[in-house]
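Visitor: Structure file final36.pdb (PDB, N, CA and C atoms) is given on the next line.
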```pdb
ATOM      1  N   MET R   1     113.981  79.674  90.075
ATOM      2  CA  MET R   1     115.090  80.548  89.703
ATOM      3  C   MET R   1     116.399  79.813  89.951
ATOM      4  N   GLN R   2     117.339  80.019  89.086
ATOM      5  CA  GLN R   2     118.616  79.338  89.209
ATOM      6  C   GLN R   2     119.455  79.939  90.319
ATOM      7  N   LYS R   3     120.277  79.113  90.940
ATOM      8  CA  LYS R   3     121.161  79.568  92.006
ATOM      9  C   LYS R   3     122.546  79.743  91.423
ATOM     10  N   ASN R   4     122.839  80.904  90.950
ATOM     11  CA  ASN R   4     124.151  81.190  90.380
ATOM     12  C   ASN R   4     124.941  82.073  91.327
ATOM     13  N   SER R   5     126.129  82.382  90.950
ATOM     14  CA  SER R   5     127.016  83.183  91.766
ATOM     15  C   SER R   5     126.386  84.522  92.116
ATOM     16  N   THR R   6     126.748  85.035  93.280
ATOM     17  CA  THR R   6     126.267  86.349  93.687
ATOM     18  C   THR R   6     127.226  87.446  93.249
ATOM     19  N   ILE R   7     128.129  87.140  92.334
ATOM     20  CA  ILE R   7     129.096  88.119  91.827
ATOM     21  C   ILE R   7     128.660  88.515  90.418
ATOM     22  N   PRO R   8     127.645  89.376  90.275
ATOM     23  CA  PRO R   8     127.118  89.670  88.951
ATOM     24  C   PRO R   8     128.060  90.445  88.046
ATOM     25  N   ALA R   9     129.002  91.186  88.608
ATOM     26  CA  ALA R   9     129.857  92.029  87.775
ATOM     27  C   ALA R   9     131.018  91.250  87.148
ATOM     28  N   LEU R  10     131.275  90.038  87.606
ATOM     29  CA  LEU R  10     132.409  89.281  87.101
ATOM     30  C   LEU R  10     132.108  88.701  85.728
ATOM     31  N   GLU R  11     132.890  89.078  84.741
ATOM     32  CA  GLU R  11     132.776  88.556  83.380
ATOM     33  C   GLU R  11     134.159  88.053  82.980
ATOM     34  N   PRO R  12     134.490  86.816  83.359
ATOM     35  CA  PRO R  12     135.862  86.343  83.156
ATOM     36  C   PRO R  12     136.291  86.200  81.702
ATOM     37  N   VAL R  13     135.350  85.898  80.798
ATOM     38  CA  VAL R  13     135.696  85.650  79.401
ATOM     39  C   VAL R  13     135.049  86.706  78.514
ATOM     40  N   LYS R  14     135.788  87.176  77.533
ATOM     41  CA  LYS R  14     135.284  88.145  76.558
ATOM     42  C   LYS R  14     135.129  87.459  75.204
ATOM     43  N   LEU R  15     134.202  87.953  74.402
ATOM     44  CA  LEU R  15     134.024  87.478  73.028
ATOM     45  C   LEU R  15     134.313  88.627  72.081
ATOM     46  N   THR R  16     135.041  88.361  71.001
ATOM     47  CA  THR R  16     135.274  89.388  69.987
ATOM     48  C   THR R  16     133.992  89.570  69.168
ATOM     49  N   LYS R  17     133.964  90.608  68.361
ATOM     50  CA  LYS R  17     132.802  90.848  67.498
ATOM     51  C   LYS R  17     132.552  89.669  66.560
ATOM     52  N   LYS R  18     133.624  89.103  65.994
ATOM     53  CA  LYS R  18     133.473  87.955  65.090
ATOM     54  C   LYS R  18     132.898  86.751  65.829
ATOM     55  N   ALA R  19     133.354  86.522  67.064
ATOM     56  CA  ALA R  19     132.842  85.394  67.851
ATOM     57  C   ALA R  19     131.371  85.608  68.200
ATOM     58  N   ILE R  20     131.000  86.827  68.545
ATOM     59  CA  ILE R  20     129.595  87.138  68.861
ATOM     60  C   ILE R  20     128.710  86.840  67.657
ATOM     61  N   ILE R  21     129.130  87.276  66.484
ATOM     62  CA  ILE R  21     128.350  87.046  65.258
ATOM     63  C   ILE R  21     128.175  85.551  65.015
ATOM     64  N   GLU R  22     129.253  84.777  65.161
ATOM     65  CA  GLU R  22     129.179  83.333  64.903
ATOM     66  C   GLU R  22     128.338  82.604  65.949
ATOM     67  N   VAL R  23     128.475  82.969  67.217
ATOM     68  CA  VAL R  23     127.666  82.329  68.264
ATOM     69  C   VAL R  23     126.187  82.603  68.027
ATOM     70  N   LYS R  24     125.843  83.849  67.709
ATOM     71  CA  LYS R  24     124.437  84.183  67.428
ATOM     72  C   LYS R  24     123.935  83.410  66.209
ATOM     73  N   ASN R  25     124.773  83.280  65.188
ATOM     74  CA  ASN R  25     124.416  82.514  63.997
ATOM     75  C   ASN R  25     124.119  81.056  64.357
ATOM     76  N   ILE R  26     124.969  80.453  65.166
ATOM     77  CA  ILE R  26     124.762  79.062  65.591
ATOM     78  C   ILE R  26     123.476  78.940  66.401
ATOM     79  N   MET R  27     123.274  79.855  67.336
ATOM     80  CA  MET R  27     122.088  79.776  68.194
ATOM     81  C   MET R  27     120.794  79.924  67.387
ATOM     82  N   GLU R  28     120.831  80.728  66.346
ATOM     83  CA  GLU R  28     119.628  80.963  65.542
ATOM     84  C   GLU R  28     119.396  79.869  64.501
ATOM     85  N   ASN R  29     120.448  79.229  64.009
ATOM     86  CA  ASN R  29     120.314  78.323  62.872
ATOM     87  C   ASN R  29     120.602  76.850  63.151
ATOM     88  N   LYS R  30     121.032  76.503  64.339
ATOM     89  CA  LYS R  30     121.413  75.108  64.628
ATOM     90  C   LYS R  30     120.533  74.460  65.700
ATOM     91  N   ASN R  31     119.322  74.954  65.861
ATOM     92  CA  ASN R  31     118.357  74.349  66.787
ATOM     93  C   ASN R  31     118.857  74.228  68.219
ATOM     94  N   ILE R  32     119.529  75.249  68.702
ATOM     95  CA  ILE R  32     119.940  75.273  70.106
ATOM     96  C   ILE R  32     118.668  75.502  70.933
ATOM     97  N   PRO R  33     118.380  74.646  71.914
ATOM     98  CA  PRO R  33     117.135  74.760  72.673
ATOM     99  C   PRO R  33     117.002  76.081  73.428
ATOM    100  N   GLU R  34     115.776  76.499  73.614
ATOM    101  CA  GLU R  34     115.466  77.702  74.394
ATOM    102  C   GLU R  34     116.003  77.524  75.811
ATOM    103  N   GLY R  35     116.561  78.565  76.375
ATOM    104  CA  GLY R  35     117.086  78.496  77.732
ATOM    105  C   GLY R  35     118.552  78.086  77.811
ATOM    106  N   TYR R  36     119.137  77.709  76.682
ATOM    107  CA  TYR R  36     120.549  77.352  76.661
ATOM    108  C   TYR R  36     121.389  78.592  76.390
ATOM    109  N   GLY R  37     122.620  78.558  76.861
ATOM    110  CA  GLY R  37     123.562  79.624  76.604
ATOM    111  C   GLY R  37     124.911  79.036  76.246
ATOM    112  N   LEU R  38     125.868  79.899  76.023
ATOM    113  CA  LEU R  38     127.224  79.483  75.667
ATOM    114  C   LEU R  38     127.979  79.096  76.929
ATOM    115  N   ARG R  39     128.453  77.865  76.985
ATOM    116  CA  ARG R  39     129.266  77.416  78.120
ATOM    117  C   ARG R  39     130.724  77.441  77.686
ATOM    118  N   ILE R  40     131.542  78.098  78.510
ATOM    119  CA  ILE R  40     132.977  78.188  78.265
ATOM    120  C   ILE R  40     133.667  77.552  79.458
ATOM    121  N   GLY R  41     134.598  76.641  79.180
ATOM    122  CA  GLY R  41     135.267  75.956  80.271
ATOM    123  C   GLY R  41     136.669  75.539  79.915
ATOM    124  N   VAL R  42     137.283  74.831  80.855
ATOM    125  CA  VAL R  42     138.638  74.319  80.654
ATOM    126  C   VAL R  42     138.612  72.804  80.753
ATOM    127  N   LYS R  43     139.564  72.195  80.089
ATOM    128  CA  LYS R  43     139.769  70.756  80.220
ATOM    129  C   LYS R  43     141.255  70.525  80.366
ATOM    130  N   GLY R  44     141.621  69.620  81.234
ATOM    131  CA  GLY R  44     143.035  69.353  81.499
ATOM    132  C   GLY R  44     143.568  68.263  80.606
ATOM    133  N   GLY R  45     144.798  67.871  80.890
ATOM    134  CA  GLY R  45     145.401  66.760  80.169
ATOM    135  C   GLY R  45     145.814  67.072  78.748
ATOM    136  N   MET R  46     146.211  68.295  78.492
ATOM    137  CA  MET R  46     146.622  68.679  77.147
ATOM    138  C   MET R  46     148.136  68.573  76.983
ATOM    139  N   GLY R  47     148.766  67.697  77.743
ATOM    140  CA  GLY R  47     150.205  67.489  77.617
ATOM    141  C   GLY R  47     150.998  68.700  78.058
ATOM    142  N   CYS R  48     152.030  69.035  77.300
ATOM    143  CA  CYS R  48     152.893  70.169  77.634
ATOM    144  C   CYS R  48     152.153  71.496  77.576
ATOM    145  N   ALA R  49     151.072  71.545  76.829
ATOM    146  CA  ALA R  49     150.330  72.794  76.666
ATOM    147  C   ALA R  49     149.509  73.135  77.901
ATOM    148  N   GLY R  50     149.337  72.190  78.835
ATOM    149  CA  GLY R  50     148.563  72.468  80.040
ATOM    150  C   GLY R  50     147.077  72.357  79.788
ATOM    151  N   LEU R  51     146.347  73.416  80.105
ATOM    152  CA  LEU R  51     144.896  73.418  79.973
ATOM    153  C   LEU R  51     144.457  73.683  78.541
ATOM    154  N   GLY R  52     143.340  73.091  78.186
ATOM    155  CA  GLY R  52     142.693  73.391  76.912
ATOM    156  C   GLY R  52     141.351  74.039  77.216
ATOM    157  N   TYR R  53     140.803  74.717  76.270
ATOM    158  CA  TYR R  53     139.525  75.402  76.446
ATOM    159  C   TYR R  53     138.448  74.698  75.649
ATOM    160  N   MET R  54     137.205  74.834  76.110
ATOM    161  CA  MET R  54     136.089  74.219  75.405
ATOM    162  C   MET R  54     134.911  75.172  75.330
ATOM    163  N   LEU R  55     134.130  75.013  74.275
ATOM    164  CA  LEU R  55     132.899  75.782  74.070
ATOM    165  C   LEU R  55     131.774  74.794  73.819
ATOM    166  N   GLY R  56     130.592  75.163  74.240
ATOM    167  CA  GLY R  56     129.421  74.352  73.962
ATOM    168  C   GLY R  56     128.177  75.133  74.343
ATOM    169  N   PHE R  57     127.029  74.516  74.184
ATOM    170  CA  PHE R  57     125.779  75.140  74.574
ATOM    171  C   PHE R  57     125.145  74.291  75.653
ATOM    172  N   ASP R  58     124.686  74.935  76.726
ATOM    173  CA  ASP R  58     124.216  74.215  77.889
ATOM    174  C   ASP R  58     123.272  75.106  78.695
ATOM    175  N   LYS R  59     122.506  74.458  79.575
ATOM    176  CA  LYS R  59     121.664  75.192  80.518
ATOM    177  C   LYS R  59     122.531  75.664  81.675
ATOM    178  N   PRO R  60     122.116  76.728  82.356
ATOM    179  CA  PRO R  60     122.860  77.138  83.549
ATOM    180  C   PRO R  60     122.734  76.073  84.636
ATOM    181  N   LYS R  61     123.786  75.939  85.441
ATOM    182  CA  LYS R  61     123.817  74.963  86.528
ATOM    183  C   LYS R  61     124.136  75.662  87.842
ATOM    184  N   ASP R  62     123.800  74.995  88.946
ATOM    185  CA  ASP R  62     124.200  75.514  90.256
ATOM    186  C   ASP R  62     125.718  75.668  90.271
ATOM    187  N   GLY R  63     126.180  76.761  90.823
ATOM    188  CA  GLY R  63     127.614  76.999  90.897
ATOM    189  C   GLY R  63     128.186  77.715  89.693
ATOM    190  N   ASP R  64     127.346  78.067  88.732
ATOM    191  CA  ASP R  64     127.817  78.812  87.554
ATOM    192  C   ASP R  64     127.870  80.302  87.837
ATOM    193  N   ILE R  65     128.762  80.952  87.151
ATOM    194  CA  ILE R  65     128.704  82.400  86.994
ATOM    195  C   ILE R  65     128.048  82.598  85.633
ATOM    196  N   THR R  66     126.943  83.306  85.606
ATOM    197  CA  THR R  66     126.214  83.527  84.367
ATOM    198  C   THR R  66     126.144  85.023  84.103
ATOM    199  N   TYR R  67     126.482  85.420  82.903
ATOM    200  CA  TYR R  67     126.403  86.821  82.500
ATOM    201  C   TYR R  67     126.042  86.868  81.028
ATOM    202  N   SER R  68     125.850  88.049  80.508
ATOM    203  CA  SER R  68     125.406  88.204  79.131
ATOM    204  C   SER R  68     126.389  89.065  78.346
ATOM    205  N   ILE R  69     126.669  88.628  77.124
ATOM    206  CA  ILE R  69     127.483  89.417  76.198
ATOM    207  C   ILE R  69     126.639  89.607  74.944
ATOM    208  N   ASN R  70     126.245  90.835  74.666
ATOM    209  CA  ASN R  70     125.415  91.151  73.498
ATOM    210  C   ASN R  70     124.221  90.197  73.386
ATOM    211  N   GLU R  71     123.520  90.022  74.478
ATOM    212  CA  GLU R  71     122.316  89.186  74.552
ATOM    213  C   GLU R  71     122.608  87.689  74.440
ATOM    214  N   ILE R  72     123.862  87.284  74.541
ATOM    215  CA  ILE R  72     124.226  85.866  74.566
ATOM    216  C   ILE R  72     124.463  85.492  76.028
ATOM    217  N   PRO R  73     123.652  84.572  76.578
ATOM    218  CA  PRO R  73     123.935  84.117  77.942
ATOM    219  C   PRO R  73     125.219  83.294  77.954
ATOM    220  N   VAL R  74     126.114  83.605  78.888
ATOM    221  CA  VAL R  74     127.390  82.909  79.003
ATOM    222  C   VAL R  74     127.446  82.252  80.382
ATOM    223  N   HIS R  75     127.797  80.953  80.405
ATOM    224  CA  HIS R  75     127.892  80.196  81.651
ATOM    225  C   HIS R  75     129.323  79.714  81.839
ATOM    226  N   VAL R  76     129.842  79.948  83.043
ATOM    227  CA  VAL R  76     131.183  79.508  83.411
ATOM    228  C   VAL R  76     131.073  78.872  84.794
ATOM    229  N   GLU R  77     131.659  77.696  84.970
ATOM    230  CA  GLU R  77     131.678  77.088  86.294
ATOM    231  C   GLU R  77     132.532  77.944  87.210
ATOM    232  N   LYS R  78     131.974  78.293  88.360
ATOM    233  CA  LYS R  78     132.682  79.173  89.290
ATOM    234  C   LYS R  78     134.069  78.623  89.637
ATOM    235  N   ARG R  79     134.171  77.300  89.798
ATOM    236  CA  ARG R  79     135.460  76.706  90.185
ATOM    237  C   ARG R  79     136.510  76.792  89.076
ATOM    238  N   GLN R  80     136.096  77.087  87.842
ATOM    239  CA  GLN R  80     137.045  77.212  86.727
ATOM    240  C   GLN R  80     137.417  78.665  86.435
ATOM    241  N   THR R  81     136.790  79.589  87.137
ATOM    242  CA  THR R  81     136.966  81.011  86.846
ATOM    243  C   THR R  81     138.430  81.439  86.853
ATOM    244  N   MET R  82     139.194  80.959  87.812
ATOM    245  CA  MET R  82     140.598  81.396  87.916
ATOM    246  C   MET R  82     141.417  81.031  86.679
ATOM    247  N   TYR R  83     140.993  80.012  85.943
ATOM    248  CA  TYR R  83     141.702  79.609  84.727
ATOM    249  C   TYR R  83     141.216  80.380  83.494
ATOM    250  N   LEU R  84     140.089  81.062  83.637
ATOM    251  CA  LEU R  84     139.458  81.713  82.483
ATOM    252  C   LEU R  84     139.540  83.236  82.496
ATOM    253  N   ILE R  85     139.872  83.828  83.633
ATOM    254  CA  ILE R  85     139.904  85.291  83.719
ATOM    255  C   ILE R  85     140.853  85.862  82.669
ATOM    256  N   GLY R  86     140.327  86.760  81.858
ATOM    257  CA  GLY R  86     141.119  87.417  80.826
ATOM    258  C   GLY R  86     141.120  86.707  79.480
ATOM    259  N   LEU R  87     140.491  85.529  79.401
ATOM    260  CA  LEU R  87     140.441  84.791  78.145
ATOM    261  C   LEU R  87     139.562  85.525  77.137
ATOM    262  N   GLU R  88     140.015  85.555  75.894
ATOM    263  CA  GLU R  88     139.231  86.140  74.806
ATOM    264  C   GLU R  88     138.959  85.048  73.775
ATOM    265  N   VAL R  89     137.672  84.899  73.420
ATOM    266  CA  VAL R  89     137.277  83.931  72.401
ATOM    267  C   VAL R  89     137.065  84.699  71.102
ATOM    268  N   ASP R  90     137.704  84.229  70.038
ATOM    269  CA  ASP R  90     137.598  84.863  68.728
ATOM    270  C   ASP R  90     137.101  83.814  67.742
ATOM    271  N   PHE R  91     136.747  84.260  66.540
ATOM    272  CA  PHE R  91     136.360  83.334  65.484
ATOM    273  C   PHE R  91     137.218  83.629  64.276
ATOM    274  N   TYR R  92     137.883  82.591  63.764
ATOM    275  CA  TYR R  92     138.759  82.741  62.605
ATOM    276  C   TYR R  92     138.089  82.080  61.405
ATOM    277  N   GLU R  93     138.113  82.796  60.296
ATOM    278  CA  GLU R  93     137.584  82.233  59.061
ATOM    279  C   GLU R  93     138.529  82.619  57.937
ATOM    280  N   GLY R  94     139.262  81.628  57.450
ATOM    281  CA  GLY R  94     140.216  81.864  56.380
ATOM    282  C   GLY R  94     140.126  80.761  55.352
ATOM    283  N   SER R  95     140.974  80.846  54.362
ATOM    284  CA  SER R  95     140.956  79.828  53.305
ATOM    285  C   SER R  95     141.506  78.494  53.807
ATOM    286  N   ASP R  96     142.294  78.526  54.881
ATOM    287  CA  ASP R  96     142.915  77.318  55.416
ATOM    288  C   ASP R  96     142.111  76.645  56.519
ATOM    289  N   ALA R  97     141.315  77.418  57.258
ATOM    290  CA  ALA R  97     140.582  76.864  58.404
ATOM    291  C   ALA R  97     139.480  77.820  58.831
ATOM    292  N   ARG R  98     138.625  77.297  59.709
ATOM    293  CA  ARG R  98     137.521  78.095  60.219
ATOM    294  C   ARG R  98     137.164  77.538  61.581
ATOM    295  N   GLY R  99     137.051  78.414  62.585
ATOM    296  CA  GLY R  99     136.666  77.942  63.906
ATOM    297  C   GLY R  99     136.987  78.953  64.987
ATOM    298  N   PHE R 100     136.589  78.595  66.187
ATOM    299  CA  PHE R 100     136.835  79.458  67.336
ATOM    300  C   PHE R 100     138.278  79.308  67.785
ATOM    301  N   THR R 101     138.851  80.414  68.230
ATOM    302  CA  THR R 101     140.201  80.407  68.772
ATOM    303  C   THR R 101     140.157  81.015  70.162
ATOM    304  N   PHE R 102     141.113  80.649  70.979
ATOM    305  CA  PHE R 102     141.169  81.108  72.359
ATOM    306  C   PHE R 102     142.462  81.876  72.561
ATOM    307  N   ASN R 103     142.331  83.104  73.009
ATOM    308  CA  ASN R 103     143.484  83.960  73.258
ATOM    309  C   ASN R 103     143.599  84.173  74.759
ATOM    310  N   PRO R 104     144.517  83.418  75.414
ATOM    311  CA  PRO R 104     144.663  83.566  76.860
ATOM    312  C   PRO R 104     145.264  84.913  77.200
ATOM    313  N   PRO R 105     145.093  85.348  78.440
ATOM    314  CA  PRO R 105     145.709  86.617  78.851
ATOM    315  C   PRO R 105     147.226  86.536  78.735
ATOM    316  N   ASN R 106     147.864  87.671  78.586
ATOM    317  CA  ASN R 106     149.318  87.722  78.369
ATOM    318  C   ASN R 106     150.118  87.067  79.476
ATOM    319  N   ASN R 107     149.583  87.088  80.704
ATOM    320  CA  ASN R 107     150.351  86.526  81.818
ATOM    321  C   ASN R 107     150.066  85.051  82.050
ATOM    322  N   ALA R 108     149.304  84.411  81.173
ATOM    323  CA  ALA R 108     148.973  82.994  81.359
ATOM    324  C   ALA R 108     150.202  82.127  81.145
ATOM    325  N   ALA R 109     150.321  81.093  81.913
ATOM    326  CA  ALA R 109     151.434  80.154  81.752
ATOM    327  C   ALA R 109     151.257  79.401  80.439
ATOM    328  N   GLN R 110     152.324  79.226  79.729
ATOM    329  CA  GLN R 110     152.263  78.529  78.434
ATOM    330  C   GLN R 110     152.476  77.062  78.622
TER     331      GLN R 110
END
```
Output the file's structure in the form of C-alpha coordinates.
Guide:
Amino acid sequence: MQKNSTIPALEPVKLTKKAIIEVKNIMENKNIPEGYGLRIGVKGGMGCAGLGYMLGFDKPKDGDITYSINEIPVHVEKRQTMYLIGLEVDFYEGSDARGFTFNPPNNAAQ
(Lines of atoms letter the chains of each structure in order from A and count residues from 1; the text may use other names and numbers.)
(Lines give C-alpha, C1' and ligand atoms only; values in the text may rest on other atoms or scores of the structure.)
Protein backbone atom coordinates (compact mmCIF):
# COMPACT_ATOMS: atom_id res chain seq x y z
CA MET A 1 0.00 0.00 0.00
CA GLN A 2 1.25 3.45 -0.81
CA LYS A 3 2.26 5.85 1.95
CA ASN A 4 0.43 9.03 1.10
CA SER A 5 -0.67 11.95 3.20
CA THR A 6 -2.99 11.32 6.11
CA ILE A 7 -5.06 14.37 5.10
CA PRO A 8 -7.70 12.67 2.93
CA ALA A 9 -10.08 15.63 2.76
CA LEU A 10 -7.55 18.01 1.21
CA GLU A 11 -8.18 18.54 -2.51
CA PRO A 12 -5.94 21.47 -3.44
CA VAL A 13 -6.66 21.46 -7.20
CA LYS A 14 -10.04 21.39 -8.95
CA LEU A 15 -10.80 20.28 -12.51
CA THR A 16 -13.56 21.84 -14.62
CA LYS A 17 -16.02 19.62 -16.47
CA LYS A 18 -14.14 20.22 -19.75
CA ALA A 19 -10.82 19.25 -18.12
CA ILE A 20 -12.36 16.08 -16.64
CA ILE A 21 -13.68 15.04 -20.06
CA GLU A 22 -10.28 15.62 -21.71
CA VAL A 23 -8.28 13.85 -18.99
CA LYS A 24 -10.58 10.82 -19.18
CA ASN A 25 -10.26 10.87 -22.98
CA ILE A 26 -6.45 10.88 -22.74
CA MET A 27 -6.41 8.12 -20.13
CA GLU A 28 -8.68 5.90 -22.23
CA ASN A 29 -7.13 6.55 -25.66
CA LYS A 30 -3.41 7.32 -25.16
CA ASN A 31 -2.20 4.10 -23.51
CA ILE A 32 -1.72 5.56 -20.04
CA PRO A 33 -0.57 2.58 -17.91
CA GLU A 34 -2.83 1.03 -15.28
CA GLY A 35 -2.22 2.51 -11.84
CA TYR A 36 -1.25 5.94 -13.16
CA GLY A 37 -3.12 9.11 -12.31
CA LEU A 38 -3.01 12.80 -13.14
CA ARG A 39 -0.03 14.55 -11.55
CA ILE A 40 -0.37 18.29 -11.03
CA GLY A 41 2.62 20.30 -9.92
CA VAL A 42 4.57 23.52 -10.06
CA LYS A 43 7.82 24.41 -11.73
CA GLY A 44 9.87 27.49 -10.96
CA GLY A 45 12.01 29.74 -13.08
CA MET A 46 9.24 31.26 -15.16
CA GLY A 47 10.83 34.72 -15.06
CA CYS A 48 8.58 37.59 -14.00
CA ALA A 49 5.57 35.28 -14.02
CA GLY A 50 6.93 33.30 -11.04
CA LEU A 51 5.71 29.72 -10.86
CA GLY A 52 4.44 27.70 -13.78
CA TYR A 53 2.13 24.71 -13.57
CA MET A 54 2.56 21.27 -15.06
CA LEU A 55 0.35 18.27 -15.82
CA GLY A 56 1.34 14.72 -16.53
CA PHE A 57 0.51 11.11 -15.77
CA ASP A 58 2.43 9.30 -13.06
CA LYS A 59 2.24 6.68 -10.32
CA PRO A 60 1.63 7.84 -6.76
CA LYS A 61 4.80 8.47 -4.75
CA ASP A 62 5.66 8.68 -1.07
CA GLY A 63 4.81 12.15 0.16
CA ASP A 64 1.94 12.67 -2.29
CA ILE A 65 -1.52 13.84 -1.49
CA THR A 66 -3.72 11.59 -3.59
CA TYR A 67 -7.44 12.12 -4.13
CA SER A 68 -10.02 11.41 -6.79
CA ILE A 69 -12.02 13.73 -9.03
CA ASN A 70 -14.78 11.95 -10.97
CA GLU A 71 -12.85 8.66 -10.78
CA ILE A 72 -9.59 10.33 -11.93
CA PRO A 73 -6.78 9.72 -9.42
CA VAL A 74 -4.98 13.02 -8.78
CA HIS A 75 -1.46 13.18 -7.29
CA VAL A 76 0.10 16.31 -5.81
CA GLU A 77 3.42 16.47 -3.99
CA LYS A 78 2.65 17.45 -0.42
CA ARG A 79 5.51 19.99 -0.40
CA GLN A 80 3.93 21.79 -3.40
CA THR A 81 0.44 21.98 -1.91
CA MET A 82 0.78 25.56 -0.68
CA TYR A 83 1.39 26.71 -4.27
CA LEU A 84 -1.57 24.76 -5.65
CA ILE A 85 -4.41 25.39 -3.19
CA GLY A 86 -7.32 26.91 -5.08
CA LEU A 87 -5.90 26.20 -8.55
CA GLU A 88 -8.46 25.27 -11.20
CA VAL A 89 -7.44 23.31 -14.30
CA ASP A 90 -9.60 23.90 -17.37
CA PHE A 91 -9.46 22.74 -20.98
CA TYR A 92 -9.73 25.25 -23.81
CA GLU A 93 -10.64 24.24 -27.33
CA GLY A 94 -11.03 26.99 -29.89
CA SER A 95 -10.18 27.75 -33.48
CA ASP A 96 -6.92 29.40 -32.37
CA ALA A 97 -5.62 26.88 -29.81
CA ARG A 98 -6.38 23.82 -27.76
CA GLY A 99 -4.99 22.75 -24.40
CA PHE A 100 -5.15 22.83 -20.65
CA THR A 101 -5.22 26.17 -18.88
CA PHE A 102 -4.50 26.98 -15.26
CA ASN A 103 -6.63 29.44 -13.32
CA PRO A 104 -4.86 30.39 -10.08
CA PRO A 105 -6.89 31.53 -7.09
CA ASN A 106 -7.78 35.23 -7.04
CA ASN A 107 -5.34 35.98 -4.24
CA ALA A 108 -2.34 34.39 -5.98
CA ALA A 109 0.65 36.61 -6.58
CA GLN A 110 1.04 37.51 -10.24
Visitor: Write out as number ranges by chain which residues come within 12 Å of region 68-73 of chain R when counting only C-alpha atoms, dropping same-chain ones fewer than 6 positions away.
Guide: R: 8-17, 19-28, 34-40, 56-60, 89
Visitor: Once the PyMOL selection byres (((chain R and resi 66 and name CA) around 7) and name CA) is applied to the coordinates I shared, what remains selected? I want it as a PDB file with N, CA and C atoms, in the coordinates of the input.
Guide:
```pdb
ATOM      1  N   ASN R   4     122.839  80.904  90.950  1.00  0.00           N
ATOM      2  CA  ASN R   4     124.151  81.190  90.380  1.00  0.00           C
ATOM      3  C   ASN R   4     124.941  82.073  91.327  1.00  0.00           C
ATOM      4  N   ASP R  64     127.346  78.067  88.732  1.00  0.00           N
ATOM      5  CA  ASP R  64     127.817  78.812  87.554  1.00  0.00           C
ATOM      6  C   ASP R  64     127.870  80.302  87.837  1.00  0.00           C
ATOM      7  N   ILE R  65     128.762  80.952  87.151  1.00  0.00           N
ATOM      8  CA  ILE R  65     128.704  82.400  86.994  1.00  0.00           C
ATOM      9  C   ILE R  65     128.048  82.598  85.633  1.00  0.00           C
ATOM     10  N   TYR R  67     126.482  85.420  82.903  1.00  0.00           N
ATOM     11  CA  TYR R  67     126.403  86.821  82.500  1.00  0.00           C
ATOM     12  C   TYR R  67     126.042  86.868  81.028  1.00  0.00           C
ATOM     13  N   PRO R  73     123.652  84.572  76.578  1.00  0.00           N
ATOM     14  CA  PRO R  73     123.935  84.117  77.942  1.00  0.00           C
ATOM     15  C   PRO R  73     125.219  83.294  77.954  1.00  0.00           C
ATOM     16  N   VAL R  74     126.114  83.605  78.888  1.00  0.00           N
ATOM     17  CA  VAL R  74     127.390  82.909  79.003  1.00  0.00           C
ATOM     18  C   VAL R  74     127.446  82.252  80.382  1.00  0.00           C
ATOM     19  N   HIS R  75     127.797  80.953  80.405  1.00  0.00           N
ATOM     20  CA  HIS R  75     127.892  80.196  81.651  1.00  0.00           C
ATOM     21  C   HIS R  75     129.323  79.714  81.839  1.00  0.00           C
ATOM     22  N   VAL R  76     129.842  79.948  83.043  1.00  0.00           N
ATOM     23  CA  VAL R  76     131.183  79.508  83.411  1.00  0.00           C
ATOM     24  C   VAL R  76     131.073  78.872  84.794  1.00  0.00           C
TER      25      VAL R  76
END
```
Visitor: I'd like the interatomic distance between CA of Thr101 (chain R) and CA of Gly44 (chain R), to a tenth of an Å.
Guide: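 CA of Thr101 (chain R) sits 17.1 Å away from CA of Gly44 (chain R).
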Visitor: Show which residues sit within 6.5 Å of Pro105 (chain R), as a list in words. Count all atoms listed in the file, and ignore same-chain residues fewer than 6 positions away.
Guide: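 Non-adjacent residues within range: Ile85, Gly86, Leu87 and Glu88 of chain R.
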Visitor: One decimal, Å: what's the distance from CA of Leu51 (chain R) over to CA of Phe91 (chain R), could you say?
Guide: 19.5 Å
Visitor: Set up a box along x, y and z of the file covering all listed atoms of region 8-26 of chain R, add 3 Å on every one of the six sides, and write the centre and edge lengths in Å to one decimal, as AutoDock Vina command-line options.
Guide:
```
--center_x 129.9 --center_y 85.5 --center_z 77.1 --size_x 18.8 --size_y 19.1 --size_z 32.3
```
